[in-house]
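Worksheet for the structure shown next.
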Amino acid sequence: MAGIRLPKRAAISGHARLLAHPAYEKLLSAEPLLRRLIPILIVIFLMIVGAARFVELYQHKAQREFDARETMGLIASVLSSALDKAHPAGEPVGTDAIRATLSATLPPSATHSGRRIYVTDQDGMIVATAPRDTETEGMPLVRILGEAQPLTIFGIRAGVLEITLADGTSALATVHHLEGGVGDVAVVAPLVSVYDSWRADVSLNVAIFMGTSAILLVILYGYFAQASRAAEADQIYSETQARSEMALARGRCGLWDWDLASGRMFWSRSMFEIIGLEPRDTLIGFGEVASLIHPDDGDLMALAESLYEAGEATVDQMFRMRHAEGRWIWLRARAELVDRDSGGPHLIGIAVDVTEQMRLVERSKTADIRLRDAIETISEAFVLWDADNRLVMCNSKYQQLHGMPDSALAPGTPYADVIAAGRKPLVRAQVVADGRPEEGARSFELQLEDGRWLQINERRTKDGGFVSVGTDITQLKRHEAKLIDGERRLMATIADLRQSRQKLEMQAQQMVELAEKYAEEKNRAEDANRAKSEFLANISHELRTPLNAIIGFSEVMQSGMFGDLGSPKYGEYCRDINQSGAYLLGVIDDILDMSRIEAGRMTLSLEDLVLDDLVEESIRIVQAQADARNIKVVTDVGENLRMRGDRKALKQIMLNLLSNAVKFTLEGEIAIRARTTATAVTFSVEDTGIGIPADALAKLGRPFEQVSNQFTKSHQGSGLGLAITTSLAELHGGAIRIRSREGRGTIVSVRLPINPPAEPRPAAA
């Protein structure tokens, strides 16, 4: 309770004292014994008090003497030090100078309590006194202190001694020698003056002791006089307490009184029964009660501090407490802070068990949440108004359709304000119901600004409000418009049929002629396609044979199988010949693949594949090119990604994408990612290369199409790689997607079904 800063109290006070029935019953049972013991205890008490005061006064006397000795020693030390500094040894010192030093050094309190200070010269003659005494100045110091005193011999080593002065007076005295033996400083205090204040304390304590004894006797008389009255009051209290406990127990209420000063709390028996604890007579500590409260419901200390900070006097709070069985019960505590300014404030009130009410509230809240979720998930716009035409609740569909801000949909907003905040309908038409309509029900149709149509159905609720449900009938309206338009067209068609009947015969004749021409053109197209295929096959054979020879002989010349070529230039020429031949052979292979795909003669050999193995194989092929360009290749491919597909086709797709990424990336990073879902596999290649302009993305994927820029001009390519990749993906029933930002990089994603169709889909022309 440090935060409240209230004084501690040793006994129960306030209402807790009245309600501590079990403890009070014990007191009543011991009352006869107490009546006999109280007089004896009072006498013993007085004796103890007298003895304690005697010991204390004796100690006080010793302390007074000790303080006097310490003060005298301190005065002598300070004065001797001041004289040593002001008048060094060996220098002649006048009496007036010593008196001036004495007056400047000593404080006014130095001569209190009868103390006298003497300063002597080297012959022991008094030259200065404080307070000033002209009669003693010029006298020997031993005439005042007495003969044969150790003080004048040992000086400071003798300390402060009790001596008998020359006139027979008992006194405390100390002597300090000055440096160089130039004189002494003596301080003398009569014992009578030292003990003056102590004698006054003794007189006061004797008077207080006598008065206390008289008061205790009066109290003893009052105790016996009140004992009989207390017995009657206890009987009335017991009956009242029993009735209160019964009422509290029947009402599932507990009475409690929290003494904020002592931090202890009184609970009624019914309060213990609510918690499931055994009732007890003692008060409960603050820590024990705090340990029973649920940690999420705050703590008692914060509650008490908030009352003082806010200046409030009443509390109405709900919290959970742990039952003896381990479960949590809900309590509603209502209390009032009393005796706020008396130094012993109490927080007194009752705690009602509201567990059942909280369960009902929780069930109601759960049902309300379910109802709101159900209303929110329906596809119709829903809104509920109360009997005063104020908003109760609505779903997001209603807000979305009418374009209303959140601020206008606060519960309790008037109907007119809500409607004014939304979009105004372009058309509003009442719908006439078939048969006799329900009382308070109406339906109408609205057309919104965005062209959508709503059918609004309103019904009255039992409390006088109404509920409105809006259904999107845009498709119905469009279908209705199409039916009307179709009917109009049908009537026009019937009229046209009459006019065109005569034309049908002429058109039939023309159709016969067109069919004959179509058959003739079809035969020509098939002949042309056959000729193209034969030409490509022949040209492939005719080109492959010399190209293989060129590539083979160039490799032989590069290897120097039959001897050195001579000039190093020949080696460079052979390397260029080999690379150009290999490039041309690849172009021919791409053209043949593209022609087979366009002719529909490309067949897929489907098998179960592990995609991550194909990715590793493809990376190994292009890894050398990437390393040569200082390009980092990273992979993010799940383990054991399985699918069905054509191994050769899928590997060609991956190689084409990786080759393009390496070709058009000066330096940086290429990332390969692969993921699977329940039905598809997604393979993507991301590079940090030159990127593709936005206006060129639409052209990519067509045969012989290339993006032309300053960088691609220095790189060879037929423009068929991406077209073949797209076609192979479409043959698997998949698709390809390209995203790119010029100067930032490109992402090419291929999405393929895990189980492609048995019959490959034709590639897009």
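Numbering starts fresh at 1 for the residues of each chain in the structure tokens, the chains themselves are lettered A, B, ... in the order given, and ligands are numbered from 1 as they appear.
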Strand (DSSP E or B) call set, DSSP backbone run, segment 312-561 of chain A, as a VMD selection string: chain A and resid 314 to 322 328 to 338 346 to 353 381 to 385 390 to 394 414 427 to 430 442 to 447 453 to 460 466 to 472
Best match for closeness to Val289 of chain A among A:Ile621, A:Ile670, A:Ala549, A:Met271, counting only C-alpha atoms: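 Among A:Ile621, A:Ile670, A:Ala549, A:Met271, it is A:Met271 that comes nearest to Val289 of chain A.
Taking atom CA of Arg370 of chain A as the reference point, atom CA of Met404 of chain A is found at 24.2 Å.
Taking atom CA of Tyr398 of chain A as the reference point, atom CA of Ala381 of chain A is found at 4.2 Å.
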Non-local contacts of Gly465 of chain A (7 Å; only C-alpha atoms; under 6 positions in same chain excluded) as an MDAnalysis selection string: chainID A and resid 385:387 389
Written file, previous selection with all heavy atoms, as a PDB file, in the first residue's frame:
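again.pdb written:
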ATOM      1  N   TRP A 385     -33.132  -1.685 -39.208  1.00  0.00           N
ATOM      2  CA  TRP A 385     -33.482  -0.396 -38.602  1.00  0.00           C
ATOM      3  C   TRP A 385     -34.378  -0.649 -37.402  1.00  0.00           C
ATOM      4  O   TRP A 385     -35.164  -1.606 -37.389  1.00  0.00           O
ATOM      5  CB  TRP A 385     -34.199   0.509 -39.606  1.00  0.00           C
ATOM      6  CG  TRP A 385     -33.469   0.666 -40.902  1.00  0.00           C
ATOM      7  CD1 TRP A 385     -33.598  -0.109 -42.011  1.00  0.00           C
ATOM      8  CD2 TRP A 385     -32.490   1.660 -41.221  1.00  0.00           C
ATOM      9  NE1 TRP A 385     -32.760   0.321 -43.012  1.00  0.00           N
ATOM     10  CE2 TRP A 385     -32.066   1.418 -42.551  1.00  0.00           C
ATOM     11  CE3 TRP A 385     -31.936   2.721 -40.523  1.00  0.00           C
ATOM     12  CZ2 TRP A 385     -31.124   2.197 -43.187  1.00  0.00           C
ATOM     13  CZ3 TRP A 385     -30.998   3.504 -41.154  1.00  0.00           C
ATOM     14  CH2 TRP A 385     -30.593   3.241 -42.468  1.00  0.00           C
ATOM     15  N   ASP A 386     -34.276   0.221 -36.377  1.00  0.00           N
ATOM     16  CA  ASP A 386     -35.136   0.051 -35.213  1.00  0.00           C
ATOM     17  C   ASP A 386     -36.457   0.783 -35.421  1.00  0.00           C
ATOM     18  O   ASP A 386     -36.733   1.317 -36.507  1.00  0.00           O
ATOM     19  CB  ASP A 386     -34.420   0.550 -33.953  1.00  0.00           C
ATOM     20  CG  ASP A 386     -34.056   2.037 -34.025  1.00  0.00           C
ATOM     21  OD1 ASP A 386     -34.580   2.738 -34.915  1.00  0.00           O
ATOM     22  OD2 ASP A 386     -33.234   2.484 -33.188  1.00  0.00           O
ATOM     23  N   ALA A 387     -37.285   0.808 -34.362  1.00  0.00           N
ATOM     24  CA  ALA A 387     -38.611   1.406 -34.472  1.00  0.00           C
ATOM     25  C   ALA A 387     -38.545   2.915 -34.703  1.00  0.00           C
ATOM     26  O   ALA A 387     -39.506   3.500 -35.222  1.00  0.00           O
ATOM     27  CB  ALA A 387     -39.422   1.112 -33.206  1.00  0.00           C
ATOM     28  N   ASN A 389     -36.464   4.338 -36.735  1.00  0.00           N
ATOM     29  CA  ASN A 389     -35.768   4.512 -38.019  1.00  0.00           C
ATOM     30  C   ASN A 389     -34.295   4.894 -37.823  1.00  0.00           C
ATOM     31  O   ASN A 389     -33.752   5.739 -38.523  1.00  0.00           O
ATOM     32  CB  ASN A 389     -36.461   5.549 -38.898  1.00  0.00           C
ATOM     33  CG  ASN A 389     -37.708   4.993 -39.554  1.00  0.00           C
ATOM     34  OD1 ASN A 389     -37.932   3.786 -39.531  1.00  0.00           O
ATOM     35  ND2 ASN A 389     -38.515   5.861 -40.126  1.00  0.00           N
TER      36      ASN A 389
END
Distance query Leu172 of chain A at most 6 Å, only C-alpha atoms, self and fewer than 3 positions along chain excluded, as a ChimeraX atom specification: /A:161-162,188-189
12 Å contact set for segment 53-68 of chain A, only C-alpha atoms, chain neighbours under 5 positions out, as a PyMOL selection string: chain A and resi 46-48+73-75+110-115+160-162+171-174+187-209
Spatial neighbours of Leu606 of chain A, 10 Å, only C-alpha atoms, chain gap at least 4 places, as an NGL selection string: :A and (643-649 or 732 or 755-758)
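Close contacts of Gln455 of chain A, defined as residues with an atom at most 8 Å away when counting only C-alpha atoms, with chain neighbours fewer than 6 positions off set aside, comprise Ser443, Phe444, Glu445, Leu446, Gly470, Thr471, Asp472 and Ile473 of chain A.
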Helix (DSSP H, G or I) residues, from DSSP on the backbone, in segment 325-436 of chain A, as a ChimeraX atom specification: /A:355-377,396-402,406-409,415-421
